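As provided, run.tsv (TSV, C-alpha atoms and all ligand atoms) reads as follows.
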```tsv
chain	number	residue	atom	x	y	z
A	1	MET	CA	0.00	0.00	0.00
A	2	ALA	CA	1.32	3.50	-0.89
A	3	ASP	CA	2.28	5.81	1.97
A	4	GLU	CA	-0.33	8.38	2.94
A	5	THR	CA	0.56	12.02	2.40
A	6	SER	CA	-0.17	15.44	3.90
A	7	ASP	CA	1.25	18.90	3.13
A	8	VAL	CA	2.29	19.27	6.78
A	9	VAL	CA	2.61	16.79	9.64
A	10	VAL	CA	2.68	18.14	13.19
A	11	VAL	CA	4.20	15.81	15.77
A	12	GLY	CA	2.39	16.44	19.05
A	13	ALA	CA	-1.11	17.70	19.81
A	14	GLY	CA	-0.44	19.87	22.83
A	15	LEU	CA	-1.47	23.51	22.72
A	16	ILE	CA	1.54	24.43	20.56
A	17	GLY	CA	0.95	21.67	18.01
A	18	LEU	CA	-2.80	22.22	17.84
A	19	ALA	CA	-2.56	26.00	17.49
A	20	THR	CA	0.07	25.70	14.76
A	21	ALA	CA	-2.02	23.10	12.94
A	22	TRP	CA	-5.10	25.31	13.17
A	23	ARG	CA	-3.24	28.36	11.81
A	24	LEU	CA	-1.88	26.39	8.84
A	25	ALA	CA	-5.17	24.67	8.06
A	26	ALA	CA	-6.96	28.04	8.13
A	27	ASP	CA	-4.60	29.05	5.28
A	28	GLY	CA	-5.82	26.12	3.20
A	29	ILE	CA	-2.84	23.87	3.95
A	30	GLN	CA	-3.54	20.16	4.44
A	31	VAL	CA	-2.40	19.36	7.99
A	32	THR	CA	-2.17	16.10	9.93
A	33	VAL	CA	-1.38	16.02	13.66
A	34	CYS	CA	-0.07	12.83	15.27
A	35	ASP	CA	-0.45	12.24	19.00
A	36	PRO	CA	-1.66	9.17	20.92
A	37	THR	CA	-3.56	11.31	23.44
A	38	PRO	CA	-4.18	14.81	22.05
A	39	GLY	CA	-3.98	17.62	24.58
A	40	SER	CA	-3.70	15.32	27.56
A	41	GLN	CA	-0.12	15.87	28.72
A	42	THR	CA	1.63	19.07	29.85
A	43	SER	CA	-1.01	21.28	28.18
A	44	SER	CA	-3.74	19.89	30.43
A	45	VAL	CA	-1.66	19.59	33.60
A	46	ALA	CA	-0.43	23.22	33.58
A	47	ALA	CA	-2.02	26.01	35.60
A	48	GLY	CA	-2.27	28.26	32.54
A	49	MET	CA	-0.60	31.41	33.83
A	50	LEU	CA	0.29	34.13	31.33
A	51	ALA	CA	3.09	35.52	33.41
A	52	PRO	CA	5.79	37.32	31.43
A	53	VAL	CA	6.27	39.85	34.24
A	54	THR	CA	5.93	37.75	37.39
A	55	GLU	CA	8.05	34.89	35.99
A	56	VAL	CA	10.76	37.16	34.55
A	57	GLU	CA	14.28	35.94	35.35
A	58	PHE	CA	17.40	38.08	35.52
A	59	GLY	CA	19.19	38.17	32.14
A	60	GLU	CA	16.45	36.65	29.94
A	61	ASP	CA	15.68	39.78	27.89
A	62	GLU	CA	15.07	38.09	24.53
A	63	LEU	CA	12.71	35.59	26.12
A	64	LEU	CA	10.92	38.46	27.87
A	65	ALA	CA	10.33	40.18	24.49
A	66	LEU	CA	8.84	36.98	23.07
A	67	ASN	CA	6.71	36.43	26.19
A	68	LEU	CA	5.39	40.01	26.08
A	69	ALA	CA	4.55	39.68	22.39
A	70	SER	CA	2.61	36.52	23.13
A	71	VAL	CA	0.67	37.85	26.10
A	72	ALA	CA	-0.33	40.76	23.85
A	73	ALA	CA	-1.43	38.30	21.16
A	74	TRP	CA	-3.63	36.21	23.48
A	75	PRO	CA	-6.82	38.34	23.39
A	76	ALA	CA	-7.09	38.38	19.58
A	77	PHE	CA	-6.11	34.70	19.44
A	78	ALA	CA	-8.86	33.84	21.94
A	79	GLU	CA	-11.41	35.99	20.08
A	80	GLU	CA	-10.62	34.29	16.78
A	81	LEU	CA	-10.95	30.86	18.35
A	82	GLU	CA	-14.22	31.82	20.02
A	83	ALA	CA	-15.69	33.28	16.81
A	84	LEU	CA	-14.86	30.08	14.94
A	85	THR	CA	-15.91	27.52	17.53
A	86	GLY	CA	-18.62	29.27	19.54
A	87	GLN	CA	-16.88	28.18	22.74
A	88	SER	CA	-14.62	29.95	25.22
A	89	ALA	CA	-10.84	29.84	24.80
A	90	GLY	CA	-10.52	30.20	28.58
A	91	LEU	CA	-8.75	33.58	28.79
A	92	ASN	CA	-9.20	35.30	32.19
A	93	ARG	CA	-7.82	38.85	32.23
A	94	THR	CA	-7.65	39.26	35.97
A	95	GLY	CA	-4.13	40.55	36.58
A	96	THR	CA	-1.76	38.98	39.10
A	97	LEU	CA	-0.96	39.81	42.69
A	98	SER	CA	2.49	38.89	44.02
A	99	VAL	CA	2.25	38.32	47.75
A	100	ALA	CA	4.97	38.23	50.40
A	101	TYR	CA	4.13	36.41	53.61
A	102	ASP	CA	6.81	37.77	55.95
A	103	ILE	CA	9.37	40.59	55.87
A	104	ASP	CA	12.10	38.43	54.31
A	105	ASP	CA	9.64	37.44	51.58
A	106	ALA	CA	8.79	41.14	51.16
A	107	ALA	CA	12.47	41.98	50.60
A	108	ALA	CA	12.61	39.29	47.88
A	109	ILE	CA	9.54	40.49	45.99
A	110	ARG	CA	10.70	44.13	46.24
A	111	ARG	CA	14.06	43.18	44.69
A	112	LEU	CA	12.20	41.57	41.82
A	113	ALA	CA	9.85	44.57	41.53
A	114	ASP	CA	12.91	46.86	41.19
A	115	TYR	CA	14.19	44.72	38.35
A	116	GLN	CA	10.77	44.58	36.70
A	117	ARG	CA	10.53	48.38	36.87
A	118	ARG	CA	14.02	48.78	35.39
A	119	LEU	CA	12.84	46.66	32.46
A	120	GLY	CA	9.93	49.08	31.98
A	121	LEU	CA	7.32	46.56	33.15
A	122	GLU	CA	4.16	47.73	34.89
A	123	VAL	CA	4.24	46.84	38.60
A	124	GLU	CA	2.84	48.59	41.66
A	125	GLU	CA	4.21	47.94	45.15
A	126	LEU	CA	1.60	47.53	47.89
A	127	THR	CA	1.63	47.45	51.66
A	128	GLY	CA	0.26	44.41	53.48
A	129	ARG	CA	-3.03	46.23	54.07
A	130	GLN	CA	-3.33	47.25	50.40
A	131	THR	CA	-2.57	43.68	49.37
A	132	ARG	CA	-5.33	42.27	51.59
A	133	LYS	CA	-7.73	44.88	50.30
A	134	ARG	CA	-7.33	43.38	46.83
A	135	GLU	CA	-7.66	39.82	48.19
A	136	PRO	CA	-9.53	39.88	51.52
A	137	LEU	CA	-9.10	36.15	52.26
A	138	LEU	CA	-5.30	36.34	52.34
A	139	ALA	CA	-3.67	35.65	55.71
A	140	ALA	CA	-3.90	38.57	58.12
A	141	GLY	CA	-0.10	38.69	58.49
A	142	VAL	CA	0.70	39.12	54.79
A	143	ALA	CA	3.59	41.61	54.73
A	144	ALA	CA	3.49	43.17	51.25
A	145	GLY	CA	2.43	42.75	47.68
A	146	VAL	CA	3.12	43.79	44.12
A	147	TRP	CA	0.24	44.33	41.71
A	148	VAL	CA	0.98	43.21	38.15
A	149	PRO	CA	-1.96	44.22	35.94
A	150	GLY	CA	-0.65	42.65	32.69
A	151	ASP	CA	-0.16	39.03	33.84
A	152	HIS	CA	-3.29	36.93	33.29
A	153	SER	CA	-4.31	33.29	33.05
A	154	VAL	CA	-5.98	30.85	30.71
A	155	ASP	CA	-8.06	27.83	31.64
A	156	ASN	CA	-5.69	25.63	29.67
A	157	ARG	CA	-8.06	22.64	29.60
A	158	GLN	CA	-10.72	24.85	28.05
A	159	ALA	CA	-8.13	26.15	25.57
A	160	VAL	CA	-7.20	22.59	24.60
A	161	ALA	CA	-10.87	21.66	24.04
A	162	THR	CA	-11.47	24.78	21.94
A	163	LEU	CA	-8.33	24.29	19.86
A	164	LEU	CA	-9.34	20.68	19.19
A	165	LYS	CA	-12.70	21.94	17.95
A	166	ALA	CA	-11.01	24.66	15.84
A	167	ALA	CA	-8.69	22.04	14.36
A	168	GLU	CA	-11.65	19.82	13.48
A	169	LEU	CA	-13.61	22.72	11.94
A	170	THR	CA	-10.66	23.74	9.75
A	171	GLY	CA	-10.13	20.19	8.49
A	172	VAL	CA	-7.05	19.19	10.49
A	173	ARG	CA	-6.71	15.43	10.53
A	174	ILE	CA	-5.71	13.94	13.88
A	175	ILE	CA	-4.06	10.53	13.99
A	176	ARG	CA	-4.08	9.09	17.50
A	177	GLN	CA	-0.71	7.42	17.29
A	178	ARG	CA	2.81	8.09	18.47
A	179	VAL	CA	5.42	9.08	15.90
A	180	THR	CA	8.25	6.56	16.25
A	181	ARG	CA	10.63	8.07	13.71
A	182	ILE	CA	11.25	11.04	11.46
A	183	LEU	CA	11.88	9.68	7.96
A	184	THR	CA	14.71	11.31	6.01
A	185	THR	CA	16.24	11.20	2.57
A	186	GLY	CA	19.75	12.60	2.79
A	187	THR	CA	19.44	15.85	4.75
A	188	THR	CA	15.72	16.26	4.13
A	189	ALA	CA	12.90	15.11	6.42
A	190	VAL	CA	10.25	13.54	4.20
A	191	GLY	CA	7.71	12.07	6.60
A	192	VAL	CA	7.06	10.23	9.83
A	193	GLU	CA	6.69	6.60	10.85
A	194	LEU	CA	3.83	5.78	13.21
A	195	GLU	CA	3.70	3.19	15.96
A	196	ASP	CA	1.54	0.83	13.86
A	197	GLY	CA	4.38	0.71	11.31
A	198	THR	CA	2.66	2.83	8.67
A	199	SER	CA	4.20	6.03	7.41
A	200	LEU	CA	2.99	9.42	6.40
A	201	ARG	CA	4.86	11.52	3.84
A	202	ALA	CA	4.87	15.32	4.09
A	203	GLY	CA	6.66	18.29	2.58
A	204	GLN	CA	6.97	19.89	6.03
A	205	ILE	CA	7.17	18.34	9.47
A	206	ILE	CA	6.78	20.36	12.66
A	207	ALA	CA	8.15	18.76	15.80
A	208	ALA	CA	6.01	19.99	18.71
A	209	ALA	CA	6.50	17.03	20.98
A	210	GLY	CA	7.30	19.01	24.14
A	211	PRO	CA	9.42	17.03	26.62
A	212	TRP	CA	9.50	14.06	24.21
A	213	SER	CA	11.16	16.09	21.43
A	214	ALA	CA	14.67	14.88	22.21
A	215	GLN	CA	13.51	11.28	21.87
A	216	LEU	CA	12.37	11.51	18.25
A	217	ALA	CA	14.29	8.86	16.34
A	218	GLY	CA	15.61	9.46	12.85
A	219	ILE	CA	17.17	12.85	13.60
A	220	PRO	CA	20.98	12.79	13.38
A	221	ASP	CA	22.59	13.05	16.83
A	222	GLU	CA	24.22	16.41	16.07
A	223	LEU	CA	20.81	17.91	15.25
A	224	LYS	CA	18.95	16.61	18.32
A	225	VAL	CA	17.69	19.27	20.71
A	226	PRO	CA	18.59	19.50	24.42
A	227	VAL	CA	15.02	19.36	25.71
A	228	ARG	CA	14.52	17.51	28.99
A	229	PRO	CA	11.47	16.80	31.16
A	230	LEU	CA	11.18	18.88	34.32
A	231	LYS	CA	8.49	17.45	36.54
A	232	GLY	CA	5.87	19.60	38.24
A	233	GLU	CA	3.16	18.49	40.64
A	234	ILE	CA	0.00	20.55	40.77
A	235	LEU	CA	-3.31	20.47	42.67
A	236	ARG	CA	-6.86	21.35	41.75
A	237	LEU	CA	-9.12	22.42	44.60
A	238	ARG	CA	-12.82	23.30	44.57
A	239	VAL	CA	-14.01	26.41	46.38
A	240	PRO	CA	-17.48	25.89	47.98
A	241	GLU	CA	-20.15	28.35	46.79
A	242	ALA	CA	-20.18	30.08	50.17
A	243	TYR	CA	-16.53	31.14	49.86
A	244	ARG	CA	-16.50	32.18	46.18
A	245	PRO	CA	-14.55	33.80	44.84
A	246	ALA	CA	-11.79	32.79	47.22
A	247	LEU	CA	-9.46	34.85	45.03
A	248	ASN	CA	-10.18	37.46	42.37
A	249	HIS	CA	-6.73	37.40	40.76
A	250	THR	CA	-3.89	34.98	40.20
A	251	VAL	CA	-1.80	35.04	43.37
A	252	ARG	CA	1.91	34.24	43.28
A	253	ALA	CA	3.16	33.98	46.80
A	254	THR	CA	6.49	33.76	48.50
A	255	ALA	CA	5.74	32.10	51.82
A	256	ARG	CA	8.69	31.76	54.20
A	257	GLY	CA	10.98	31.57	51.18
A	258	PHE	CA	8.89	29.03	49.25
A	259	ALA	CA	7.16	29.92	46.00
A	260	VAL	CA	3.57	28.87	45.33
A	261	TYR	CA	0.92	30.10	42.92
A	262	LEU	CA	-2.86	29.99	43.16
A	263	VAL	CA	-4.87	30.45	39.99
A	264	PRO	CA	-8.64	30.91	40.36
A	265	ARG	CA	-11.07	29.86	37.62
A	266	PRO	CA	-14.47	31.50	37.19
A	267	GLY	CA	-16.28	28.19	37.94
A	268	GLY	CA	-14.82	27.84	41.45
A	269	GLU	CA	-11.70	25.79	40.69
A	270	LEU	CA	-8.45	26.89	42.33
A	271	VAL	CA	-5.25	25.56	40.78
A	272	VAL	CA	-2.24	25.40	43.13
A	273	GLY	CA	1.26	24.81	41.79
A	274	ALA	CA	3.86	23.75	41.27
A	275	THR	CA	6.80	21.66	42.37
A	276	THR	CA	9.95	21.41	40.26
A	277	SER	CA	11.98	18.19	40.17
A	278	GLU	CA	14.54	16.66	37.85
A	279	LEU	CA	13.19	13.11	37.82
A	280	GLY	CA	13.15	12.30	34.11
A	281	TYR	CA	9.84	11.10	32.75
A	282	ASP	CA	8.46	10.17	36.20
A	283	THR	CA	4.93	11.52	36.61
A	284	ARG	CA	4.05	9.94	39.96
A	285	VAL	CA	2.54	12.40	42.40
A	286	LEU	CA	4.61	12.23	45.59
A	287	ALA	CA	3.22	12.92	49.05
A	288	GLY	CA	6.00	15.44	49.72
A	289	GLY	CA	4.98	17.50	46.70
A	290	VAL	CA	1.33	17.64	47.74
A	291	PHE	CA	2.37	18.46	51.30
A	292	ALA	CA	4.62	21.34	50.25
A	293	LEU	CA	2.00	22.88	47.96
A	294	LEU	CA	-0.74	22.69	50.60
A	295	ARG	CA	1.59	23.99	53.33
A	296	ASP	CA	2.51	27.07	51.29
A	297	ALA	CA	-1.01	27.67	49.94
A	298	ARG	CA	-2.57	27.59	53.42
A	299	THR	CA	0.15	29.88	54.79
A	300	VAL	CA	-1.00	32.68	52.49
A	301	LEU	CA	-4.63	31.61	52.05
A	302	PRO	CA	-5.79	29.95	55.28
A	303	ILE	CA	-9.17	29.07	53.78
A	304	THR	CA	-7.32	26.45	51.70
A	305	ASP	CA	-8.09	24.03	54.56
A	306	GLU	CA	-11.81	24.29	53.75
A	307	LEU	CA	-11.46	23.52	50.04
A	308	GLU	CA	-12.06	20.14	48.46
A	309	LEU	CA	-8.91	18.54	47.05
A	310	VAL	CA	-10.21	17.37	43.69
A	311	GLU	CA	-7.08	16.39	41.79
A	312	THR	CA	-3.38	15.87	42.21
A	313	VAL	CA	-1.39	15.46	39.01
A	314	ALA	CA	2.15	15.76	37.71
A	315	GLY	CA	3.30	16.93	34.30
A	316	LEU	CA	6.56	17.43	32.46
A	317	ARG	CA	7.76	20.87	31.41
A	318	PRO	CA	9.91	20.77	28.26
A	319	ALA	CA	12.99	22.45	29.70
A	320	THR	CA	16.02	23.73	27.77
A	321	PRO	CA	19.48	24.82	29.00
A	322	ASP	CA	18.58	28.53	28.74
A	323	ASN	CA	14.86	28.27	29.65
A	324	ALA	CA	13.86	29.51	26.20
A	325	PRO	CA	11.98	27.65	23.45
A	326	ILE	CA	13.44	26.14	20.30
A	327	LEU	CA	11.75	27.54	17.20
A	328	GLY	CA	12.29	27.13	13.49
A	329	PRO	CA	14.89	25.40	11.31
A	330	SER	CA	16.34	22.16	12.59
A	331	GLY	CA	19.27	21.64	10.24
A	332	LEU	CA	17.18	19.09	8.30
A	333	ASP	CA	15.26	20.58	5.39
A	334	GLY	CA	11.55	20.01	5.92
A	335	LEU	CA	11.74	19.83	9.73
A	336	LEU	CA	10.93	22.77	12.00
A	337	TRP	CA	11.11	22.78	15.79
A	338	ALA	CA	8.33	24.22	17.92
A	339	THR	CA	9.37	22.91	21.29
A	340	GLY	CA	11.19	23.55	24.57
A	341	HIS	CA	8.65	26.01	25.96
A	342	TYR	CA	9.59	25.15	29.55
A	343	ARG	CA	7.35	27.20	31.92
A	344	ASN	CA	5.79	29.25	29.13
A	345	GLY	CA	3.92	26.86	26.85
A	346	VAL	CA	0.43	28.25	27.42
A	347	LEU	CA	1.74	31.81	27.25
A	348	LEU	CA	3.74	31.21	24.07
A	349	THR	CA	1.03	29.33	22.17
A	350	PRO	CA	-0.24	32.22	19.99
A	351	ILE	CA	3.17	33.60	19.05
A	352	THR	CA	4.65	30.16	18.37
A	353	ALA	CA	1.75	29.23	16.11
A	354	ASP	CA	2.14	32.51	14.20
A	355	VAL	CA	5.92	32.24	13.90
A	356	ILE	CA	5.88	28.65	12.70
A	357	ALA	CA	2.95	29.17	10.31
A	358	GLU	CA	4.74	32.17	8.79
A	359	THR	CA	7.93	30.16	8.42
A	360	VAL	CA	6.02	27.42	6.60
A	361	ARG	CA	4.31	29.98	4.33
A	362	THR	CA	7.36	32.12	3.50
A	363	GLY	CA	10.37	29.93	4.20
A	364	VAL	CA	11.76	32.66	6.50
A	365	LEU	CA	11.73	32.62	10.28
A	366	PRO	CA	10.35	35.94	11.65
A	367	LYS	CA	13.05	38.10	13.24
A	368	LEU	CA	11.46	37.93	16.70
A	369	ALA	CA	12.14	34.17	16.75
A	370	GLU	CA	15.76	34.22	15.58
A	371	PRO	CA	17.24	34.14	19.12
A	372	PHE	CA	15.43	30.82	19.62
A	373	LEU	CA	16.97	28.77	16.83
A	374	ALA	CA	18.23	25.31	17.75
A	375	ALA	CA	21.54	26.46	16.27
A	376	ARG	CA	22.35	28.29	19.52
A	377	PHE	CA	23.01	24.93	21.17
A	378	GLY	CA	25.22	23.37	18.55
A	379	ALA	CA	26.70	23.20	15.10
A	380	MET	CA	23.53	23.61	13.10
A	381	PRO	CA	23.50	25.97	10.13
A	382	LYS	CA	22.56	29.52	11.09
A	383	VAL	CA	19.46	30.98	9.45
A	384	THR	CA	20.21	32.98	6.31
A	385	ARG	CA	18.14	35.69	4.68
B	1	LIG	N1	4.74	28.40	34.69
B	1	LIG	C1	4.42	27.71	35.85
B	1	LIG	C2	5.25	26.52	36.12
B	1	LIG	O1	6.08	26.13	35.33
B	1	LIG	O2	5.08	25.95	37.16
```
Take the structure I supplied and represent it as structure tokens, if you would.
Ligand code: GLY
Amino acid sequence: MADETSDVVVVGAGLIGLATAWRLAADGIQVTVCDPTPGSQTSSVAAGMLAPVTEVEFGEDELLALNLASVAAWPAFAEELEALTGQSAGLNRTGTLSVAYDIDDAAAIRRLADYQRRLGLEVEELTGRQTRKREPLLAAGVAAGVWVPGDHSVDNRQAVATLLKAAELTGVRIIRQRVTRILTTGTTAVGVELEDGTSLRAGQIIAAAGPWSAQLAGIPDELKVPVRPLKGEILRLRVPEAYRPALNHTVRATARGFAVYLVPRPGGELVVGATTSELGYDTRVLAGGVFALLRDARTVLPITDELELVETVAGLRPATPDNAPILGPSGLDGLLWATGHYRNGVLLTPITADVIAETVRTGVLPKLAEPFLAARFGAMPKVTR
């Protein structure tokens, strides 16, 4: 039997893969996405924060520019998805409150606020009283806060569901199988092999396999990308009607030196995250992780004790050596990377989809994405114009 064909094959149906597939299919390109369990991994485990300001790290200026471009792109991206599908994309534009529990925590968040201000980011320092005025159920002893109006959140599970619908409506074909190998002829990627042994030929392959990207067989060793899984445990709590809304904004707290975030959803869910552990592909939820998250959440939000613990889950962030994604040419003709989004996958979904779709359409990676070429990690050819 002859191999099946598609103009484009996307490896991985997380938010990045689905959004890219949708963008390309909307341009009339024939797109097939391969994933054994679409949308079910990191994209559904995440808390969905859009946090370019509150998650800024010292010295990551190029990543900050990409993150800011993507947070700005989210509203139009969500509107387009909603107009097409008739269902919510899950965007909640609530702003974020950084909270310091004690005076040492306050010194830490003020240091970060200084840096954020030097970068020209919008932040407003608050006293403990002003912080509790914005979130009255915070612990009475909360020492200080920083209001960050531009950091929002997305109900990432809702976004996955809506992107799956958008993909279906634009004619994206989804094959529920794992890609076992990228097929090459010389230095050109020409298709993928699936776990049932069949293959699919394509003029363009997009590798959006998140933490599994480094495991794709068929790519020469020198062109493999240094993406590794970084485990995170996360909790989902339910706020009883009587206490809603427990929080009005995303809260990122530093509680006796420990970081925790609490992301409220309009329906009463409160997402609490996240641990960080280098344990390979292990996704067991450990008691110590749940303990630490609940300890820190209840320190800043004592009412946590009254909430129903609905879910504990662990996911794998696709981490890279410099915390930034890997976008664009791979060194193999016909293969583009859209991976390594680390802590920023939900945030970077709109901009990644746009950048990769434009690269497929024009053959040129947009300038904004050039700092994120795989070539920065090795001997791959640099992009030429
Ligand atoms: N961006 C949130 C996390 O990685 O836990």
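For the pair atom CA of A:Thr349 and atom CA of A:Leu15, the interatomic distance is 6.4 Å.
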Among A:Asp196, A:Glu358, A:Glu168, A:Glu233, A:Thr20 is approached most closely, using all atoms listed in the file, by A:Glu358
- Find the residues around stretch 119-125 of chain A up to 12 Å (only C-alpha atoms counted), leave out those fewer than 5 positions away in its own chain, and share them as number ranges by chain. A: 51-54, 56-62, 64-65, 68, 95-100, 106-107, 109-114, 130-131, 143-151
Atoms to include: C-alpha atoms. Write the selected residues as a CSV table (one decimal), in the frame of the given file.
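The resulting result.csv:
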```
chain,number,residue,atom,x,y,z
A,51,ALA,CA,3.1,35.5,33.4
A,52,PRO,CA,5.8,37.3,31.4
A,53,VAL,CA,6.3,39.8,34.2
A,54,THR,CA,5.9,37.8,37.4
A,56,VAL,CA,10.8,37.2,34.6
A,57,GLU,CA,14.3,35.9,35.4
A,58,PHE,CA,17.4,38.1,35.5
A,59,GLY,CA,19.2,38.2,32.1
A,60,GLU,CA,16.4,36.6,29.9
A,61,ASP,CA,15.7,39.8,27.9
A,62,GLU,CA,15.1,38.1,24.5
A,64,LEU,CA,10.9,38.5,27.9
A,65,ALA,CA,10.3,40.2,24.5
A,68,LEU,CA,5.4,40.0,26.1
A,95,GLY,CA,-4.1,40.6,36.6
A,96,THR,CA,-1.8,39.0,39.1
A,97,LEU,CA,-1.0,39.8,42.7
A,98,SER,CA,2.5,38.9,44.0
A,99,VAL,CA,2.2,38.3,47.8
A,100,ALA,CA,5.0,38.2,50.4
A,106,ALA,CA,8.8,41.1,51.2
A,107,ALA,CA,12.5,42.0,50.6
A,109,ILE,CA,9.5,40.5,46.0
A,110,ARG,CA,10.7,44.1,46.2
A,111,ARG,CA,14.1,43.2,44.7
A,112,LEU,CA,12.2,41.6,41.8
A,113,ALA,CA,9.8,44.6,41.5
A,114,ASP,CA,12.9,46.9,41.2
A,130,GLN,CA,-3.3,47.2,50.4
A,131,THR,CA,-2.6,43.7,49.4
A,143,ALA,CA,3.6,41.6,54.7
A,144,ALA,CA,3.5,43.2,51.2
A,145,GLY,CA,2.4,42.8,47.7
A,146,VAL,CA,3.1,43.8,44.1
A,147,TRP,CA,0.2,44.3,41.7
A,148,VAL,CA,1.0,43.2,38.2
A,149,PRO,CA,-2.0,44.2,35.9
A,150,GLY,CA,-0.6,42.6,32.7
A,151,ASP,CA,-0.2,39.0,33.8
```
For chain A versus ligand LIG 1 (chain B), which residues have an atom no more than 12 Å away, and what is each residue's nearest atom pair and distance in Å rounded to one decimal, using all atoms listed in the file, chain-then-number order, as a tab-separated table?
```
residue	atom	partner	partner_atom	distance
A:Thr42	CA	B:LIG1	O1	10.0
A:Ser43	CA	B:LIG1	O1	11.2
A:Val45	CA	B:LIG1	O2	9.9
A:Ala46	CA	B:LIG1	C1	7.0
A:Ala47	CA	B:LIG1	C1	6.7
A:Gly48	CA	B:LIG1	N1	7.3
A:Met49	CA	B:LIG1	N1	6.2
A:Leu50	CA	B:LIG1	N1	8.0
A:Ala51	CA	B:LIG1	N1	7.4
A:Pro52	CA	B:LIG1	N1	9.6
A:Val53	CA	B:LIG1	N1	11.6
A:Thr54	CA	B:LIG1	N1	9.8
A:Glu55	CA	B:LIG1	N1	7.4
A:Val56	CA	B:LIG1	N1	10.6
A:Asn67	CA	B:LIG1	N1	11.9
A:Asp151	CA	B:LIG1	N1	11.7
A:His152	CA	B:LIG1	N1	11.8
A:Ser153	CA	B:LIG1	N1	10.4
A:Val154	CA	B:LIG1	N1	11.7
A:Asn156	CA	B:LIG1	N1	11.9
A:Pro229	CA	B:LIG1	O1	11.6
A:Leu230	CA	B:LIG1	O1	8.9
A:Lys231	CA	B:LIG1	O1	9.1
A:Gly232	CA	B:LIG1	O2	6.5
A:Glu233	CA	B:LIG1	O2	8.5
A:Ile234	CA	B:LIG1	O2	8.2
A:Leu235	CA	B:LIG1	O2	11.4
A:Thr250	CA	B:LIG1	C1	11.9
A:Arg252	CA	B:LIG1	C1	10.2
A:Ala259	CA	B:LIG1	O2	9.9
A:Val260	CA	B:LIG1	O2	8.8
A:Tyr261	CA	B:LIG1	O2	8.2
A:Leu262	CA	B:LIG1	C1	10.6
A:Val263	CA	B:LIG1	C1	10.5
A:Val271	CA	B:LIG1	O2	11.0
A:Val272	CA	B:LIG1	O2	9.5
A:Gly273	CA	B:LIG1	O2	6.1
A:Ala274	CA	B:LIG1	O2	4.8
A:Thr275	CA	B:LIG1	O2	7.0
A:Thr276	CA	B:LIG1	O2	7.3
A:Ser277	CA	B:LIG1	O2	10.8
A:Leu293	CA	B:LIG1	O2	11.6
A:Ala314	CA	B:LIG1	O2	10.6
A:Gly315	CA	B:LIG1	O2	9.6
A:Leu316	CA	B:LIG1	O1	9.2
A:Arg317	CA	B:LIG1	O1	6.8
A:Pro318	CA	B:LIG1	O1	9.7
A:Ala319	CA	B:LIG1	O1	9.6
A:Asn323	CA	B:LIG1	O1	10.7
A:His341	CA	B:LIG1	O1	9.7
A:Tyr342	CA	B:LIG1	O1	6.8
A:Arg343	CA	B:LIG1	O1	3.8
A:Asn344	CA	B:LIG1	N1	5.7
A:Gly345	CA	B:LIG1	N1	8.0
A:Val346	CA	B:LIG1	N1	8.5
A:Leu347	CA	B:LIG1	N1	8.7
A:Leu348	CA	B:LIG1	N1	11.0
```
Find the spatial neighbours of A:Glu135, counting only C-alpha atoms, within a cut-off of 10 Å - ignore same-chain residues fewer than 4 positions away - and output them as a PDB file with C-alpha atoms, keeping the file's coordinate frame.
```
ATOM      1  CA  LEU A  97      -0.960  39.810  42.690  1.00  0.00           C
ATOM      2  CA  ARG A 129      -3.030  46.230  54.070  1.00  0.00           C
ATOM      3  CA  GLN A 130      -3.330  47.250  50.400  1.00  0.00           C
ATOM      4  CA  THR A 131      -2.570  43.680  49.370  1.00  0.00           C
ATOM      5  CA  ALA A 139      -3.670  35.650  55.710  1.00  0.00           C
ATOM      6  CA  PRO A 245     -14.550  33.800  44.840  1.00  0.00           C
ATOM      7  CA  ALA A 246     -11.790  32.790  47.220  1.00  0.00           C
ATOM      8  CA  LEU A 247      -9.460  34.850  45.030  1.00  0.00           C
ATOM      9  CA  ASN A 248     -10.180  37.460  42.370  1.00  0.00           C
ATOM     10  CA  HIS A 249      -6.730  37.400  40.760  1.00  0.00           C
ATOM     11  CA  VAL A 251      -1.800  35.040  43.370  1.00  0.00           C
ATOM     12  CA  LEU A 301      -4.630  31.610  52.050  1.00  0.00           C
TER      13      LEU A 301
END
```
Determine, counting only C-alpha atoms, every residue of protein, DNA or RNA that lies within 9 Å of (12.9, 8.4, 9.7) in the file coordinates, then give the result as an mmCIF file with C-alpha atoms, in the frame of the given file.
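Saved the output as selection.cif:
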```
data_model
loop_
_atom_site.group_PDB
_atom_site.id
_atom_site.type_symbol
_atom_site.label_atom_id
_atom_site.label_comp_id
_atom_site.auth_asym_id
_atom_site.auth_seq_id
_atom_site.Cartn_x
_atom_site.Cartn_y
_atom_site.Cartn_z
ATOM 1 C CA THR A 180 8.250 6.560 16.250
ATOM 2 C CA ARG A 181 10.630 8.070 13.710
ATOM 3 C CA ILE A 182 11.250 11.040 11.460
ATOM 4 C CA LEU A 183 11.880 9.680 7.960
ATOM 5 C CA THR A 184 14.710 11.310 6.010
ATOM 6 C CA THR A 185 16.240 11.200 2.570
ATOM 7 C CA ALA A 189 12.900 15.110 6.420
ATOM 8 C CA VAL A 190 10.250 13.540 4.200
ATOM 9 C CA GLY A 191 7.710 12.070 6.600
ATOM 10 C CA VAL A 192 7.060 10.230 9.830
ATOM 11 C CA GLU A 193 6.690 6.600 10.850
ATOM 12 C CA ALA A 217 14.290 8.860 16.340
ATOM 13 C CA GLY A 218 15.610 9.460 12.850
ATOM 14 C CA ILE A 219 17.170 12.850 13.600
#
```
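Proximity to A:Phe377 was assessed for A:Ala324, A:Leu63, A:Val33, A:Leu335 counting all atoms listed in the file; the smallest distance is recorded for A:Ala324.
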